[in-house]
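Engineer: Sending over a structure as structure tokens; questions will come in a sec.
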Amino acid sequence: MVQQTSVKVKIIREQMVVIQSLQKSYPDMKRRPVMFEVDDQVLIKVSPWMGFIIFEKRRKLSSHFIASFNLLQKIGKQAYKLELAPEMEGIHDTFHVFYLRKCLGEEPDMIPLFELIIDENKKPVKELEAIIDRKKKKLRPKMIDLLLVRWKHSTGPKLTRETKSDMKSRYPIFFVDP
């Protein structure tokens, strides 16, 4: 009985190896190694762990890459050291290949570095240009004031609907009583 069980376990392990290799072959068909050369221009992927979220509530619509940077050297198999701009002082200059994309000219979802204003916490500052429209919406027992806001940012949504209380707490200068 022990011999029969060990034979069955051996057969199961062999079949699992075959199935795992088959399953691995599917993603490997589309996977390609990402390689960069020294002095290539690359874009840095914006991610929440880096502290860059341009429009917090609309992550799908926000820009995904920051400017183009020069690649200085390759570190290991999947890390690269970049030449960062002085405005990005305090951010580590070594990035994994996952956070880089080759710059092929003008990218539509790239944030120009000169428009990126970063505060002391290394978070981008959103600039409010104007409040275009005000609207009240009934939500069950209470009324909510909504504002149509135009942003000064060149990428991402130019117009968004925001709650008045949220905007008043973030931008009190626009709500000064005469």
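Residue numbers start at 1 in each chain; chains themselves are named A, B, ... in the order of the structure tokens; ligands are numbered from 1 in the order shown.
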Need the shell around Ala79 in chain A: protein/DNA/RNA residues with any atom at most 8 Å away, counting only C-alpha atoms. Skip same-chain ones fewer than 6 positions apart. Format as a short mmCIF file (atom, residue, chain, number, x, y, z; two decimals) with all heavy atoms, in the first residue's frame?

Structural biologist:
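Output file around27.cif is given in full below:
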data_model
loop_
_atom_site.label_atom_id
_atom_site.label_comp_id
_atom_site.auth_asym_id
_atom_site.auth_seq_id
_atom_site.Cartn_x
_atom_site.Cartn_y
_atom_site.Cartn_z
N THR A 94 17.56 55.57 -8.11
CA THR A 94 17.61 54.22 -8.67
C THR A 94 16.21 53.65 -8.75
O THR A 94 15.46 53.69 -7.78
CB THR A 94 18.49 53.30 -7.79
OG1 THR A 94 19.78 53.90 -7.68
CG2 THR A 94 18.63 51.93 -8.41
N PHE A 95 15.85 53.13 -9.94
CA PHE A 95 14.49 52.63 -10.18
C PHE A 95 14.53 51.25 -10.80
O PHE A 95 15.42 50.92 -11.57
CB PHE A 95 13.74 53.57 -11.14
CG PHE A 95 13.43 54.91 -10.55
CD1 PHE A 95 14.33 55.94 -10.64
CD2 PHE A 95 12.24 55.12 -9.89
CE1 PHE A 95 14.05 57.17 -10.10
CE2 PHE A 95 11.94 56.35 -9.34
CZ PHE A 95 12.86 57.37 -9.44
N HIS A 96 13.53 50.45 -10.45
CA HIS A 96 13.35 49.13 -11.05
C HIS A 96 12.84 49.31 -12.47
O HIS A 96 12.18 50.30 -12.79
CB HIS A 96 12.34 48.32 -10.22
CG HIS A 96 12.24 46.88 -10.63
ND1 HIS A 96 11.38 46.46 -11.60
CD2 HIS A 96 12.90 45.78 -10.19
CE1 HIS A 96 11.49 45.15 -11.76
NE2 HIS A 96 12.41 44.72 -10.91
N VAL A 97 13.13 48.36 -13.34
CA VAL A 97 12.75 48.44 -14.75
C VAL A 97 11.23 48.55 -14.91
O VAL A 97 10.74 49.13 -15.88
CB VAL A 97 13.34 47.24 -15.52
CG1 VAL A 97 12.62 45.97 -15.19
CG2 VAL A 97 13.27 47.49 -17.01
#

Engineer: Tell me, as a PyMOL selection string, which residues lie within 7 Å of range 32-41 of chain A, counting only C-alpha atoms; anything in the same chain fewer than 4 positions away does not count.

Structural biologist: chain A and resi 68-73+102-103

Engineer: How about saving the chosen residues, N, CA and C atoms kept, as a PDB file, in the first residue's frame?

Structural biologist:
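The new file again16.pdb reads:
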ATOM      1  N   SER A  68      11.060  63.167 -19.044  1.00  0.00           N
ATOM      2  CA  SER A  68      12.066  62.220 -19.525  1.00  0.00           C
ATOM      3  C   SER A  68      13.391  62.513 -18.824  1.00  0.00           C
ATOM      4  N   PHE A  69      14.074  61.445 -18.447  1.00  0.00           N
ATOM      5  CA  PHE A  69      15.333  61.559 -17.728  1.00  0.00           C
ATOM      6  C   PHE A  69      16.400  60.736 -18.427  1.00  0.00           C
ATOM      7  N   ASN A  70      17.631  61.117 -18.218  1.00  0.00           N
ATOM      8  CA  ASN A  70      18.764  60.431 -18.821  1.00  0.00           C
ATOM      9  C   ASN A  70      19.168  59.246 -17.952  1.00  0.00           C
ATOM     10  N   LEU A  71      19.426  58.107 -18.583  1.00  0.00           N
ATOM     11  CA  LEU A  71      19.830  56.899 -17.871  1.00  0.00           C
ATOM     12  C   LEU A  71      21.346  56.922 -17.686  1.00  0.00           C
ATOM     13  N   LEU A  72      21.818  56.877 -16.437  1.00  0.00           N
ATOM     14  CA  LEU A  72      23.257  56.968 -16.163  1.00  0.00           C
ATOM     15  C   LEU A  72      23.961  55.617 -16.181  1.00  0.00           C
ATOM     16  N   GLN A  73      23.384  54.631 -15.478  1.00  0.00           N
ATOM     17  CA  GLN A  73      24.046  53.326 -15.424  1.00  0.00           C
ATOM     18  C   GLN A  73      23.061  52.228 -15.062  1.00  0.00           C
ATOM     19  N   LYS A 102      10.618  53.570 -22.045  1.00  0.00           N
ATOM     20  CA  LYS A 102      11.469  54.258 -22.999  1.00  0.00           C
ATOM     21  C   LYS A 102      10.726  55.460 -23.574  1.00  0.00           C
ATOM     22  N   CYS A 103      11.399  56.585 -23.643  1.00  0.00           N
ATOM     23  CA  CYS A 103      10.795  57.815 -24.166  1.00  0.00           C
ATOM     24  C   CYS A 103      10.945  57.812 -25.675  1.00  0.00           C
TER      25      CYS A 103
END

Engineer: Just the number, please: distance in Å from CA of Val17 in chain A to CA of Met1 in chain A, one decimal.

Structural biologist: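 Taking CA of Val17 in chain A and CA of Met1 in chain A, their separation equals 24.6 Å.
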
Engineer: Taking only C-alpha atoms into account, name the residue in A:Ala67, A:Glu127, A:Lys8, A:Lys138 that is nearest to Met167 in chain A.

Structural biologist: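 So, comparing all the options, the nearest one is A:Glu127.
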
Engineer: Ranking A:Ile12, A:Ala130, A:Ile91, A:Leu82 by minimum distance to Lys152 in chain A and counting only C-alpha atoms, which one comes first?

Structural biologist: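 Closest to Lys152 in chain A of all the choices is A:Ala130.
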
Engineer: Env of Val149 in chain A: 10 Å cut, atoms = only C-alpha atoms, seq-sep filter 5 positions within chain, self excluded. Answer as a list in words.

Structural biologist: Leu128, Glu129, Ala130, Ile131, Ile132, Asp133, Arg134, Lys158, Leu159, Thr160, Arg161, Glu162, Thr163 and Met167 of chain A

Engineer: Could you check how far CA of Val176 in chain A sits from CA of Asn121 in chain A, in Å to one decimal?

Structural biologist: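 Pair CA of Val176 in chain A / CA of Asn121 in chain A returns 26.7 Å.
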
Engineer: Could you please determine the separation between CA of Gln20 in chain A and CA of Val7 in chain A in Å, to one decimal place?

Structural biologist: 20.1 Å
